[in-house]
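Q: Pasting in a structure now, in structure tokens, and then I'll have a few things to ask.
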Amino acid sequence: MRELPGFEGPMAGEPPVEEVLRALQGSCTIAVATNGDLGVEALARAGLDRYASVVLTARGLGVAKPERAFFHAALARVGSSPPEAVMVGDSYGSDVVGAKGAGLKAVWFNPSRARCPLVHPVHDAEIRTLGELPDLLARPFLPDLGESLRILREHGVPENIVRHSLAVAAVAHHLALRLRERGAALDPLLVHRGALLHDLDKVSSEKPADHGVKAGRILRELGWPELAAIAERHVLGAHPETWEEKLVHYADKIVEEGEVVGLEARVTALSCRYNSQGDQIARALPALLALQEEVAAAAGVAAEELLGELRELDADLPPFVAPEEPPYDRGEEGT
């Protein structure tokens with residue numbers, strides 16, 4: 001909403017806004033919380049005041065987004081706890097990062113399909129139009145960044161496999177954003193979380209290829225079938241079908257430990273690590289090179305140029321996402 005100086009007439013809104021608010025009103029409490037000065041009077045001019053139970057401004061609260069105190073003060077007025085609340089906003093720093101730091105879920109309203117400013121996205125979902133919101137809120141969210149790390153910890157995933165998974169997630173997410181900018185239909189958030197959890201049960205698997213099946217079983221039991229399919233199809237010899245599956249499969253095959261090394265170096269390392277299956281691993285290289293060309297073509301660059309770009313990525317977690325437990329035990333790195 002924008003205040004136009006000198007204009008006192010009714011405010012105009014995006015056509016579906018009232019329809020969306022009406023749909024949400026029966027299933028949740030709606031609050032407006034803003035750093036601006038537009039309050040209930042502005043909502044009334046747009047004919048939307050009837051849908052908001054509470055309207056809060058930074059001036060009225062004495063603190064602004066992205067401060068944690070802003071969100072907690074707003075929730076206190078609504079009578080909700082952070083895990084029960086979802087923040088919907090278009091500012092990644094103020095709305096998304098601020099809400100996640102305060103313990104809320106965060107939906108990024110991104111009508112322009114701007115590139116996520118973080119290598120590891122922290123939002124729980126992304127929408128391009130407000131009309132997507134009711135259906136989105138009726139479905140389970142993907143695990144967020146913190147929950148994904150907890151799932152890895154609960155399944156005893158060692159530190160170096162987590163480091164590998166973080167690097168694969170950073171690479172796959174970057175590729176997803178690159179491809180989406182060129183018109184590919186895919187979900188970058190699904191790519192990131194699928195990559196982060198692709199080696200979920202690497203340690204408990206008896207054979208290198210088994211962990212895809214076992215990880216898939218775990219993720220299906222947790223209620224995330226799309227993440228399960230990504231885990232099942234990331235292993236050598238699998239045949240990924242969707243872009244989400246292809247990008248995680250490819251990213252995993254160019255990352256050794258936490259570094260982008262390229263296909264040939266990665267396949268050589270795997271052949272040495274699992275030398276009883278060296279021939280089988282080496283035979284996978286032509287299909288991987290073909291996948292690399294497919295990804296590079298979709299990104300609109302040469303494969304070597306794309307690899308150079310990926311090598312520059314910083315796969316470290318955002319500073320505000322800190323591990324909650326002591327360092328992991330070390331173990332064998334993922335395939």
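FYI, nothing fancy with the structure tokens labels: chains A, B, ... in order, residues from 1 per chain, ligands from 1 as they appear.
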Extract the full set of strand (DSSP E) residues from segment 109-251 of chain A according to DSSP on the backbone, and format it as a tab-separated table (two decimals) with C-alpha atoms, in the first residue's frame.
A:
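Once written, selection_29.tsv looks like this:
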chain	number	residue	atom	x	y	z
A	109	PHE	CA	5.81	-12.50	-1.43
A	125	ALA	CA	7.60	-20.75	0.93
A	126	GLU	CA	7.51	-18.26	-1.94
A	127	ILE	CA	4.49	-16.85	-3.75
Q: Taking only C-alpha atoms into account, produce a table as a tab-separated table in which each residue of segment 70-119 of chain A with an atom at most 10 Å from an atom of segment 136-143 of chain A appears once, together with its shortest atom pair and the distance in Å to one decimal, ordered by chain and rising number.
A:
residue	atom	partner	partner_atom	distance
A:Val86	CA	A:Leu137	CA	8.9
A:Lys105	CA	A:Phe141	CA	8.9
A:Val107	CA	A:Leu136	CA	9.4
Q: With distances taken over only C-alpha atoms, which of A:Ser112, A:His123, A:Ala85, A:Ala102 is nearest to Phe70 of chain A?
A: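 Going through A:Ser112, A:His123, A:Ala85, A:Ala102 one by one, the smallest distance to Phe70 of chain A is for A:Ala102.
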Q: Taking 2 positions as the minimum chain separation for residues in the same chain, which residues sit within 7 Å of Thr57 of chain A when counting only C-alpha atoms? Answer as number ranges by chain.
A: A: 33-37, 39, 55, 59-61
Q: Write the selection just made, keeping N, CA and C atoms, as a PDB file, in the first residue's frame?
A:
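What landed in part16.pdb:
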ATOM      1  N   ALA A  33       1.089  -5.883  10.325  1.00  0.00           N
ATOM      2  CA  ALA A  33       2.201  -5.365  11.114  1.00  0.00           C
ATOM      3  C   ALA A  33       3.190  -4.714  10.161  1.00  0.00           C
ATOM      4  N   THR A  34       3.398  -3.421  10.289  1.00  0.00           N
ATOM      5  CA  THR A  34       4.166  -2.669   9.291  1.00  0.00           C
ATOM      6  C   THR A  34       5.152  -1.707   9.926  1.00  0.00           C
ATOM      7  N   ASN A  35       6.249  -1.453   9.220  1.00  0.00           N
ATOM      8  CA  ASN A  35       7.184  -0.403   9.634  1.00  0.00           C
ATOM      9  C   ASN A  35       6.703   0.967   9.204  1.00  0.00           C
ATOM     10  N   GLY A  36       5.701   1.020   8.318  1.00  0.00           N
ATOM     11  CA  GLY A  36       5.178   2.298   7.847  1.00  0.00           C
ATOM     12  C   GLY A  36       4.179   2.898   8.826  1.00  0.00           C
ATOM     13  N   ASP A  37       3.637   4.025   8.430  1.00  0.00           N
ATOM     14  CA  ASP A  37       2.679   4.726   9.294  1.00  0.00           C
ATOM     15  C   ASP A  37       1.238   4.465   8.883  1.00  0.00           C
ATOM     16  N   GLY A  39      -2.048   2.942   8.994  1.00  0.00           N
ATOM     17  CA  GLY A  39      -2.737   2.153   9.994  1.00  0.00           C
ATOM     18  C   GLY A  39      -4.113   1.733   9.564  1.00  0.00           C
ATOM     19  N   VAL A  55      -4.065  -4.145  13.809  1.00  0.00           N
ATOM     20  CA  VAL A  55      -3.197  -3.383  12.915  1.00  0.00           C
ATOM     21  C   VAL A  55      -2.120  -2.732  13.764  1.00  0.00           C
ATOM     22  N   ARG A  59       5.833   2.533  14.815  1.00  0.00           N
ATOM     23  CA  ARG A  59       5.735   3.685  15.713  1.00  0.00           C
ATOM     24  C   ARG A  59       4.918   3.328  16.955  1.00  0.00           C
ATOM     25  N   GLY A  60       3.821   2.608  16.767  1.00  0.00           N
ATOM     26  CA  GLY A  60       2.987   2.241  17.906  1.00  0.00           C
ATOM     27  C   GLY A  60       3.648   1.231  18.829  1.00  0.00           C
ATOM     28  N   LEU A  61       4.473   0.342  18.261  1.00  0.00           N
ATOM     29  CA  LEU A  61       5.128  -0.677  19.067  1.00  0.00           C
ATOM     30  C   LEU A  61       6.428  -0.189  19.687  1.00  0.00           C
TER      31      LEU A  61
END
Q: How would you write, as a PyMOL selection string, the set of residues in segment 143-175 of chain A that DSSP gives as alpha helix (DSSP H)?
A: chain A and resi 145-154+159-175
Q: Excluding Gly300 of chain A and residues on its chain fewer than 2 positions from it, collect all residues at most 9 Å away from it, counting only C-alpha atoms, and give them as a VMD selection string.
A: chain A and resid 178 to 179 182 295 to 298 302
Q: Quick one: residues within 12 Å of Glu294 of chain A, only C-alpha atoms counted, chain neighbours fewer than 4 positions away excluded, as JSON, numbers by chain?
A: {"A": [175, 179, 243, 246, 247, 250, 287, 288, 289, 290, 298, 299, 300, 301, 302, 303, 306]}
Q: To one decimal place, how far is atom CA of Gly146 of chain A from atom CA of Gly183 of chain A in Å?
A: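 Value for the atom CA of Gly146 of chain A-atom CA of Gly183 of chain A distance: 29.9 Å.
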Q: At a cut-off of 8 Å, using only C-alpha atoms, what residues contact Ile230 of chain A? Leave out same-chain residues fewer than 3 positions from it and give the result as a short mmCIF file (atom, residue, chain, number, x, y, z; two decimals) with N, CA and C atoms, in the first residue's frame.
A:
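Below is the file that was written, out32.cif:
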data_model
loop_
_atom_site.label_atom_id
_atom_site.label_comp_id
_atom_site.auth_asym_id
_atom_site.auth_seq_id
_atom_site.Cartn_x
_atom_site.Cartn_y
_atom_site.Cartn_z
N GLY A 194 15.84 -30.43 -0.88
CA GLY A 194 16.15 -31.77 -1.37
C GLY A 194 17.64 -32.04 -1.36
N ALA A 195 18.43 -31.03 -1.74
CA ALA A 195 19.88 -31.19 -1.74
C ALA A 195 20.41 -31.30 -0.31
N HIS A 198 19.63 -34.92 0.90
CA HIS A 198 19.79 -36.04 -0.03
C HIS A 198 20.61 -37.18 0.55
N GLY A 216 14.80 -41.90 1.01
CA GLY A 216 13.46 -41.68 0.48
C GLY A 216 12.40 -42.21 1.41
N GLU A 226 8.03 -35.28 -2.22
CA GLU A 226 8.87 -34.66 -3.27
C GLU A 226 10.33 -34.68 -2.86
N LEU A 227 10.62 -34.47 -1.59
CA LEU A 227 12.00 -34.57 -1.11
C LEU A 227 12.48 -36.01 -1.20
N ARG A 233 16.65 -40.34 -6.33
CA ARG A 233 17.19 -40.23 -7.69
C ARG A 233 18.49 -39.44 -7.76
N HIS A 234 19.15 -39.25 -6.61
CA HIS A 234 20.42 -38.51 -6.68
C HIS A 234 21.61 -39.46 -6.84
N PRO A 240 17.12 -39.15 -12.90
CA PRO A 240 16.30 -38.03 -12.44
C PRO A 240 15.38 -37.53 -13.56
N GLU A 244 14.11 -30.38 -10.48
CA GLU A 244 14.57 -30.43 -9.09
C GLU A 244 15.47 -31.64 -8.87
N GLU A 245 15.06 -32.79 -9.40
CA GLU A 245 15.85 -34.01 -9.25
C GLU A 245 17.16 -33.92 -10.03
N VAL A 248 19.82 -31.53 -8.23
CA VAL A 248 20.44 -32.13 -7.05
C VAL A 248 21.39 -33.25 -7.47
N HIS A 249 20.97 -34.08 -8.41
CA HIS A 249 21.81 -35.16 -8.93
C HIS A 249 23.12 -34.59 -9.47
#
Q: For Ala215 of chain A, which residue out of A:Asp201, A:Glu256, A:Asp144, A:Glu241 is the nearest one, using only C-alpha atoms?
A: A:Asp201
Q: Under the rule that only C-alpha atoms are counted, which of A:His211, A:Arg115, A:Lys253, A:Arg220 is the nearest residue to His173 of chain A?
A: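 Residue with the minimum atom-to-atom distance to His173 of chain A: A:Arg115.
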